[in-house]
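One file, protein13.cif, is given below (mmCIF, C-alpha atoms).
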data_start
#
loop_
_atom_site.group_PDB
_atom_site.id
_atom_site.type_symbol
_atom_site.label_atom_id
_atom_site.label_comp_id
_atom_site.auth_asym_id
_atom_site.auth_seq_id
_atom_site.Cartn_x
_atom_site.Cartn_y
_atom_site.Cartn_z
ATOM 1 C CA MET A 646 -13.843 7.744 15.637
ATOM 2 C CA LYS A 647 -11.358 10.310 16.946
ATOM 3 C CA SER A 648 -10.582 8.219 20.024
ATOM 4 C CA MET A 649 -10.122 5.083 17.892
ATOM 5 C CA MET A 650 -7.488 6.654 15.622
ATOM 6 C CA ARG A 651 -4.247 6.657 17.554
ATOM 7 C CA ALA A 652 -0.847 7.510 16.107
ATOM 8 C CA GLY A 653 0.619 4.604 14.235
ATOM 9 C CA THR A 654 -2.681 2.924 13.330
ATOM 10 C CA LEU A 655 -2.218 0.522 10.417
ATOM 11 C CA ILE A 656 -5.142 -0.552 8.232
ATOM 12 C CA PHE A 657 -4.707 -3.238 5.561
ATOM 13 C CA ILE A 658 -7.018 -3.637 2.553
ATOM 14 C CA THR A 659 -6.660 -6.425 0.007
ATOM 15 C CA GLY A 660 -8.768 -7.922 -2.735
ATOM 16 C CA GLY A 661 -8.821 -8.966 -6.339
ATOM 17 C CA VAL A 662 -8.100 -6.713 -9.288
ATOM 18 C CA ARG A 663 -10.835 -4.083 -9.777
ATOM 19 C CA SER A 664 -12.599 -5.165 -6.574
ATOM 20 C CA GLY A 665 -13.034 -1.567 -5.381
ATOM 21 C CA LYS A 666 -10.263 -1.632 -2.796
ATOM 22 C CA SER A 667 -8.551 1.612 -3.877
ATOM 23 C CA ALA A 668 -11.799 3.593 -3.859
ATOM 24 C CA PHE A 669 -12.679 2.114 -0.451
ATOM 25 C CA ALA A 670 -9.194 2.971 0.859
ATOM 26 C CA GLU A 671 -9.501 6.570 -0.356
ATOM 27 C CA ARG A 672 -12.921 6.957 1.309
ATOM 28 C CA MET A 673 -11.529 5.517 4.524
ATOM 29 C CA ALA A 674 -8.504 7.842 4.426
ATOM 30 C CA ILE A 675 -10.776 10.857 3.954
ATOM 31 C CA GLN A 676 -13.007 9.690 6.823
ATOM 32 C CA CYS A 677 -9.954 9.260 9.096
ATOM 33 C CA ALA A 678 -8.563 12.670 8.125
ATOM 34 C CA GLU A 679 -11.903 14.367 8.792
ATOM 35 C CA ALA A 680 -12.201 12.692 12.203
ATOM 36 C CA THR A 681 -8.670 13.596 13.273
ATOM 37 C CA SER A 682 -8.145 16.921 11.421
ATOM 38 C CA GLY A 683 -5.278 15.242 9.597
ATOM 39 C CA SER A 684 -3.674 15.920 6.252
ATOM 40 C CA LEU A 685 -4.100 13.412 3.415
ATOM 41 C CA HIS A 686 -1.027 11.846 1.788
ATOM 42 C CA TYR A 687 -0.961 9.356 -1.073
ATOM 43 C CA ILE A 688 2.095 7.157 -1.721
ATOM 44 C CA ALA A 689 1.842 5.968 -5.319
ATOM 45 C CA THR A 690 4.133 3.048 -6.125
ATOM 46 C CA GLY A 691 3.295 2.669 -9.817
ATOM 47 C CA ARG A 692 5.778 3.388 -12.587
ATOM 48 C CA ALA A 693 4.937 4.651 -16.054
ATOM 49 C CA THR A 694 6.259 1.662 -18.005
ATOM 50 C CA ASP A 695 4.066 2.254 -21.068
ATOM 51 C CA GLN A 696 1.645 4.819 -22.504
ATOM 52 C CA GLU A 697 -1.411 3.233 -20.872
ATOM 53 C CA MET A 698 0.196 3.254 -17.417
ATOM 54 C CA GLU A 699 1.401 6.831 -17.908
ATOM 55 C CA SER A 700 -2.144 7.936 -18.798
ATOM 56 C CA ARG A 701 -3.547 6.084 -15.807
ATOM 57 C CA ILE A 702 -1.053 7.689 -13.411
ATOM 58 C CA LEU A 703 -1.797 11.167 -14.800
ATOM 59 C CA ARG A 704 -5.554 10.571 -14.476
ATOM 60 C CA HIS A 705 -5.201 9.485 -10.842
ATOM 61 C CA GLN A 706 -2.961 12.469 -10.067
ATOM 62 C CA GLU A 707 -5.525 14.851 -11.552
ATOM 63 C CA GLU A 708 -8.390 13.217 -9.654
ATOM 64 C CA ARG A 709 -6.570 13.626 -6.329
ATOM 65 C CA LYS A 710 -5.388 17.135 -7.169
ATOM 66 C CA ASN A 711 -8.777 18.433 -8.335
ATOM 67 C CA GLY A 712 -11.039 16.454 -6.015
ATOM 68 C CA PRO A 713 -12.933 17.889 -3.043
ATOM 69 C CA TYR A 714 -10.196 16.771 -0.610
ATOM 70 C CA PRO A 715 -6.592 17.936 -0.934
ATOM 71 C CA TRP A 716 -4.062 15.096 -1.233
ATOM 72 C CA LYS A 717 -0.283 15.429 -1.166
ATOM 73 C CA THR A 718 0.948 12.784 -3.622
ATOM 74 C CA TRP A 719 4.320 11.096 -3.277
ATOM 75 C CA GLU A 720 5.528 9.160 -6.324
ATOM 76 C CA GLN A 721 7.661 6.535 -4.583
ATOM 77 C CA PRO A 722 8.043 3.230 -6.459
ATOM 78 C CA MET A 723 10.689 1.967 -3.988
ATOM 79 C CA ASP A 724 12.235 2.747 -0.589
ATOM 80 C CA ILE A 725 9.060 4.015 1.058
ATOM 81 C CA GLY A 726 10.848 4.303 4.391
ATOM 82 C CA GLN A 727 12.645 7.354 3.000
ATOM 83 C CA LEU A 728 9.337 9.231 3.207
ATOM 84 C CA ALA A 729 8.803 8.635 6.937
ATOM 85 C CA PRO A 730 10.471 11.895 8.100
ATOM 86 C CA PHE A 731 8.087 13.942 5.929
ATOM 87 C CA PHE A 732 4.959 12.834 7.806
ATOM 88 C CA GLN A 733 3.577 14.217 11.044
ATOM 89 C CA LYS A 734 1.555 12.611 13.820
ATOM 90 C CA HIS A 735 -1.766 13.949 12.488
ATOM 91 C CA ASP A 736 -1.270 12.770 8.875
ATOM 92 C CA VAL A 737 -3.277 10.044 7.165
ATOM 93 C CA VAL A 738 -1.202 8.145 4.602
ATOM 94 C CA LEU A 739 -2.527 5.828 1.897
ATOM 95 C CA LEU A 740 -0.058 3.506 0.153
ATOM 96 C CA ASP A 741 -1.340 2.095 -3.127
ATOM 97 C CA CYS A 742 -0.159 -0.521 -3.647
ATOM 98 C CA LEU A 743 1.981 -3.120 -1.890
ATOM 99 C CA THR A 744 1.799 -5.455 -4.883
ATOM 100 C CA THR A 745 3.543 -2.961 -7.145
ATOM 101 C CA LEU A 746 5.999 -1.949 -4.430
ATOM 102 C CA LEU A 747 7.087 -5.578 -4.006
ATOM 103 C CA SER A 748 7.466 -6.012 -7.767
ATOM 104 C CA ASN A 749 9.564 -2.835 -8.025
ATOM 105 C CA GLU A 750 11.795 -3.841 -5.110
ATOM 106 C CA LEU A 751 12.167 -7.525 -5.987
ATOM 107 C CA PHE A 752 12.845 -7.112 -9.696
ATOM 108 C CA HIS A 753 15.005 -4.010 -9.337
ATOM 109 C CA GLU A 754 17.953 -4.240 -11.734
ATOM 110 C CA GLY A 755 20.869 -4.993 -9.463
ATOM 111 C CA ASN A 756 19.024 -7.620 -7.468
ATOM 112 C CA HIS A 757 20.442 -11.044 -8.191
ATOM 113 C CA LEU A 758 17.554 -13.352 -7.407
ATOM 114 C CA GLU A 759 19.772 -16.415 -7.639
ATOM 115 C CA ASP A 760 21.213 -15.179 -4.328
ATOM 116 C CA GLY A 761 18.761 -16.757 -1.888
ATOM 117 C CA THR A 762 19.108 -13.897 0.611
ATOM 118 C CA VAL A 763 17.629 -11.261 -1.729
ATOM 119 C CA PRO A 764 13.929 -12.157 -1.188
ATOM 120 C CA GLN A 765 14.254 -11.951 2.608
ATOM 121 C CA LYS A 766 16.166 -8.656 2.355
ATOM 122 C CA VAL A 767 13.471 -7.217 0.077
ATOM 123 C CA LYS A 768 10.680 -8.349 2.410
ATOM 124 C CA ASP A 769 12.480 -6.925 5.465
ATOM 125 C CA HIS A 770 13.160 -3.649 3.623
ATOM 126 C CA ILE A 771 9.475 -3.244 2.759
ATOM 127 C CA MET A 772 8.303 -4.112 6.292
ATOM 128 C CA ASN A 773 10.816 -1.711 7.852
ATOM 129 C CA GLY A 774 9.615 1.033 5.503
ATOM 130 C CA LEU A 775 5.958 0.413 6.370
ATOM 131 C CA ILE A 776 6.715 0.450 10.088
ATOM 132 C CA ALA A 777 8.753 3.667 9.774
ATOM 133 C CA VAL A 778 5.928 5.421 7.910
ATOM 134 C CA SER A 779 3.249 4.159 10.314
ATOM 135 C CA GLN A 780 5.227 5.379 13.335
ATOM 136 C CA ASN A 781 5.379 8.896 11.889
ATOM 137 C CA CYS A 782 1.714 9.342 10.981
ATOM 138 C CA ARG A 783 -1.713 8.981 12.556
ATOM 139 C CA VAL A 784 -3.006 6.320 10.160
ATOM 140 C CA LEU A 785 -1.328 4.286 7.422
ATOM 141 C CA ILE A 786 -3.651 2.485 5.015
ATOM 142 C CA VAL A 787 -1.945 -0.169 2.886
ATOM 143 C CA VAL A 788 -3.672 -1.487 -0.245
ATOM 144 C CA SER A 789 -2.650 -4.778 -1.846
ATOM 145 C CA ASN A 790 -3.900 -7.364 -4.335
ATOM 146 C CA GLU A 791 -4.745 -11.005 -3.926
ATOM 147 C CA VAL A 792 -2.702 -12.851 -6.527
ATOM 148 C CA LEU A 793 -2.610 -16.237 -4.820
ATOM 149 C CA PHE A 794 -5.951 -17.547 -6.077
ATOM 150 C CA GLU A 795 -4.684 -18.698 -9.474
ATOM 151 C CA PRO A 796 -2.373 -21.653 -10.120
ATOM 152 C CA ILE A 797 1.234 -20.515 -10.530
ATOM 153 C CA HIS A 798 3.792 -22.465 -12.530
ATOM 154 C CA GLN A 799 6.686 -20.072 -13.196
ATOM 155 C CA LYS A 800 9.485 -20.005 -10.630
ATOM 156 C CA LEU A 801 9.819 -16.192 -10.396
ATOM 157 C CA VAL A 802 6.060 -15.666 -10.215
ATOM 158 C CA LEU A 803 5.858 -18.284 -7.474
ATOM 159 C CA LEU A 804 8.639 -16.512 -5.541
ATOM 160 C CA TYR A 805 6.815 -13.181 -5.927
ATOM 161 C CA ALA A 806 3.465 -14.663 -4.825
ATOM 162 C CA ARG A 807 5.057 -16.360 -1.818
ATOM 163 C CA LEU A 808 6.714 -13.114 -0.703
ATOM 164 C CA LEU A 809 3.477 -11.173 -1.162
ATOM 165 C CA GLY A 810 1.604 -13.729 0.928
ATOM 166 C CA GLU A 811 4.256 -13.540 3.656
ATOM 167 C CA LEU A 812 4.060 -9.736 3.632
ATOM 168 C CA HIS A 813 0.271 -9.921 3.957
ATOM 169 C CA VAL A 814 0.614 -12.163 7.026
ATOM 170 C CA GLN A 815 3.200 -9.864 8.649
ATOM 171 C CA ILE A 816 1.177 -6.728 7.951
ATOM 172 C CA VAL A 817 -2.097 -8.205 9.227
ATOM 173 C CA LYS A 818 -0.349 -9.253 12.463
ATOM 174 C CA ILE A 819 0.467 -5.617 13.269
ATOM 175 C CA ALA A 820 -2.594 -4.032 11.648
ATOM 176 C CA GLU A 821 -5.417 -2.693 13.773
ATOM 177 C CA ARG A 822 -7.903 -3.500 10.992
ATOM 178 C CA ALA A 823 -7.781 -5.724 7.905
ATOM 179 C CA TYR A 824 -10.335 -5.831 5.082
ATOM 180 C CA GLN A 825 -10.915 -8.173 2.154
ATOM 181 C CA MET A 826 -12.753 -6.560 -0.770
ATOM 182 C CA GLU A 827 -15.222 -8.717 -2.706
ATOM 183 C CA ALA A 828 -17.108 -7.140 -5.626
ATOM 184 C CA GLY A 829 -16.973 -3.698 -4.029
ATOM 185 C CA ILE A 830 -18.014 -4.927 -0.582
ATOM 186 C CA PRO A 831 -15.475 -4.563 2.245
ATOM 187 C CA LEU A 832 -15.382 -7.589 4.536
ATOM 188 C CA LEU A 833 -13.796 -6.786 7.894
ATOM 189 C CA MET A 834 -11.391 -9.621 8.685
ATOM 190 C CA LYS A 835 -9.668 -8.152 11.756
ATOM 191 C CA GLY A 836 -10.496 -5.376 14.227
ATOM 192 C CA GLU A 837 -13.530 -3.300 15.025
ATOM 193 C CA PRO A 838 -15.525 -1.361 12.394
ATOM 194 C CA LEU A 839 -14.807 2.373 12.186
#
Can the structure in the file be given as C-alpha cells, please?
Amino acid sequence: MKSMMRAGTLIFITGGVRSGKSAFAERMAIQCAEATSGSLHYIATGRATDQEMESRILRHQEERKNGPYPWKTWEQPMDIGQLAPFFQKHDVVLLDCLTTLLSNELFHEGNHLEDGTVPQKVKDHIMNGLIAVSQNCRVLIVVSNEVLFEPIHQKLVLLYARLLGELHVQIVKIAERAYQMEAGIPLLMKGEPL
C-alpha cells in the first residue's frame, strides 16, 4: 500500500445515517497511517448544540484519545482550510463530516441566503478548504451522508441537499477512491481497492 499512498490522496466515503461509514473511515485512516508511518489527524465538524450532542462529542474525543492509535483531534466546525498549514506530507487526515460542515457554513449567522451568490461562495469555500488540506497531507479521507434519497419539500432543505450533491460530485471527480456504505459494507465506486 505504501506505493499507492501518494501525497494529496483524497478518499471519499458516503452512506446513510448509521451505515458504518465513520468506523470504516477510521479503520482506513489507521491502515493508511500504518502503511506510510504517518500521524493520524481527525477534523471534527460537529458543534455541541444540545446536551446529547455534547455527550456524543465528548465520547468520540475520549475514544480517539484513549484508543490504541493516537489521534490529534481538531474541532473545526467551519473554515477547514485554516488547518492546512498544520499538516505535513506524511499525515493522514480524516474529516467527519462534510454534511455537518456544509450545514455550519451555509446556515452561519451572517449568511443571507436570499442573496443567490451565497450558496456558490459556500460551496467554493468548502472545496478550496478540502483541496488545501489534501495538498498538505499524505491522505485526506472525507466522510459524508446521503441525504438525497428522501423526498424534499422545504426550500432551504432542498438548497442544502442540492449543494451537498454538487459537493459530492466535485469531490468524487478529484478523489482517488470513493466508497458507498450500505449496512456496514463498503462498496468501492471509484478507484482500486487498498
Chain and number of each residue from the PyMOL selection byres ((chain A and resi 832) around 12), as a VMD selection string = chain A and resid 657 to 660 664 to 666 669 822 to 831 833 to 838
As a check of understanding, name the residues that the PyMOL selection byres ((chain A and resi 813) around 12) selects in the supplied structure, as a PDB file with C-alpha atoms, in the coordinates of the input.
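Done, and the output landed in expr.pdb:
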ATOM      1  CA  ILE A 656      -5.142  -0.552   8.232  1.00  0.00           C
ATOM      2  CA  PHE A 657      -4.707  -3.238   5.561  1.00  0.00           C
ATOM      3  CA  ILE A 658      -7.018  -3.637   2.553  1.00  0.00           C
ATOM      4  CA  THR A 659      -6.660  -6.425   0.007  1.00  0.00           C
ATOM      5  CA  GLY A 660      -8.768  -7.922  -2.735  1.00  0.00           C
ATOM      6  CA  LEU A 743       1.981  -3.120  -1.890  1.00  0.00           C
ATOM      7  CA  THR A 744       1.799  -5.455  -4.883  1.00  0.00           C
ATOM      8  CA  LEU A 747       7.087  -5.578  -4.006  1.00  0.00           C
ATOM      9  CA  LYS A 768      10.680  -8.349   2.410  1.00  0.00           C
ATOM     10  CA  ILE A 771       9.475  -3.244   2.759  1.00  0.00           C
ATOM     11  CA  MET A 772       8.303  -4.112   6.292  1.00  0.00           C
ATOM     12  CA  VAL A 787      -1.945  -0.169   2.886  1.00  0.00           C
ATOM     13  CA  VAL A 788      -3.672  -1.487  -0.245  1.00  0.00           C
ATOM     14  CA  SER A 789      -2.650  -4.778  -1.846  1.00  0.00           C
ATOM     15  CA  ASN A 790      -3.900  -7.364  -4.335  1.00  0.00           C
ATOM     16  CA  GLU A 791      -4.745 -11.005  -3.926  1.00  0.00           C
ATOM     17  CA  VAL A 792      -2.702 -12.851  -6.527  1.00  0.00           C
ATOM     18  CA  LEU A 793      -2.610 -16.237  -4.820  1.00  0.00           C
ATOM     19  CA  ALA A 806       3.465 -14.663  -4.825  1.00  0.00           C
ATOM     20  CA  ARG A 807       5.057 -16.360  -1.818  1.00  0.00           C
ATOM     21  CA  LEU A 808       6.714 -13.114  -0.703  1.00  0.00           C
ATOM     22  CA  LEU A 809       3.477 -11.173  -1.162  1.00  0.00           C
ATOM     23  CA  GLY A 810       1.604 -13.729   0.928  1.00  0.00           C
ATOM     24  CA  GLU A 811       4.256 -13.540   3.656  1.00  0.00           C
ATOM     25  CA  LEU A 812       4.060  -9.736   3.632  1.00  0.00           C
ATOM     26  CA  VAL A 814       0.614 -12.163   7.026  1.00  0.00           C
ATOM     27  CA  GLN A 815       3.200  -9.864   8.649  1.00  0.00           C
ATOM     28  CA  ILE A 816       1.177  -6.728   7.951  1.00  0.00           C
ATOM     29  CA  VAL A 817      -2.097  -8.205   9.227  1.00  0.00           C
ATOM     30  CA  LYS A 818      -0.349  -9.253  12.463  1.00  0.00           C
ATOM     31  CA  ILE A 819       0.467  -5.617  13.269  1.00  0.00           C
ATOM     32  CA  ALA A 820      -2.594  -4.032  11.648  1.00  0.00           C
ATOM     33  CA  ALA A 823      -7.781  -5.724   7.905  1.00  0.00           C
ATOM     34  CA  TYR A 824     -10.335  -5.831   5.082  1.00  0.00           C
ATOM     35  CA  GLN A 825     -10.915  -8.173   2.154  1.00  0.00           C
TER      36      GLN A 825
END
Go ahead and compute the interatomic distance for CA of Tyr687 (chain A) and CA of Leu785 (chain A), in Å to one decimal.
->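 The value is 9.9 Å.
Near Gln727 (chain A), within 8 Å and counting all atoms listed in the file, sit A:Asp724, A:Pro730, A:Gly774; same-chain residues fewer than 3 positions away were not included.
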Length of the CA of Ala670 (chain A) to CA of Val784 (chain A) vector [Å] | 11.7 Å
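In this comparison, which uses all atoms listed in the file, the residue of A:Gln706, A:Gln799, A:Ser779, A:Thr690 approaching Glu750 (chain A) most closely is A:Thr690.
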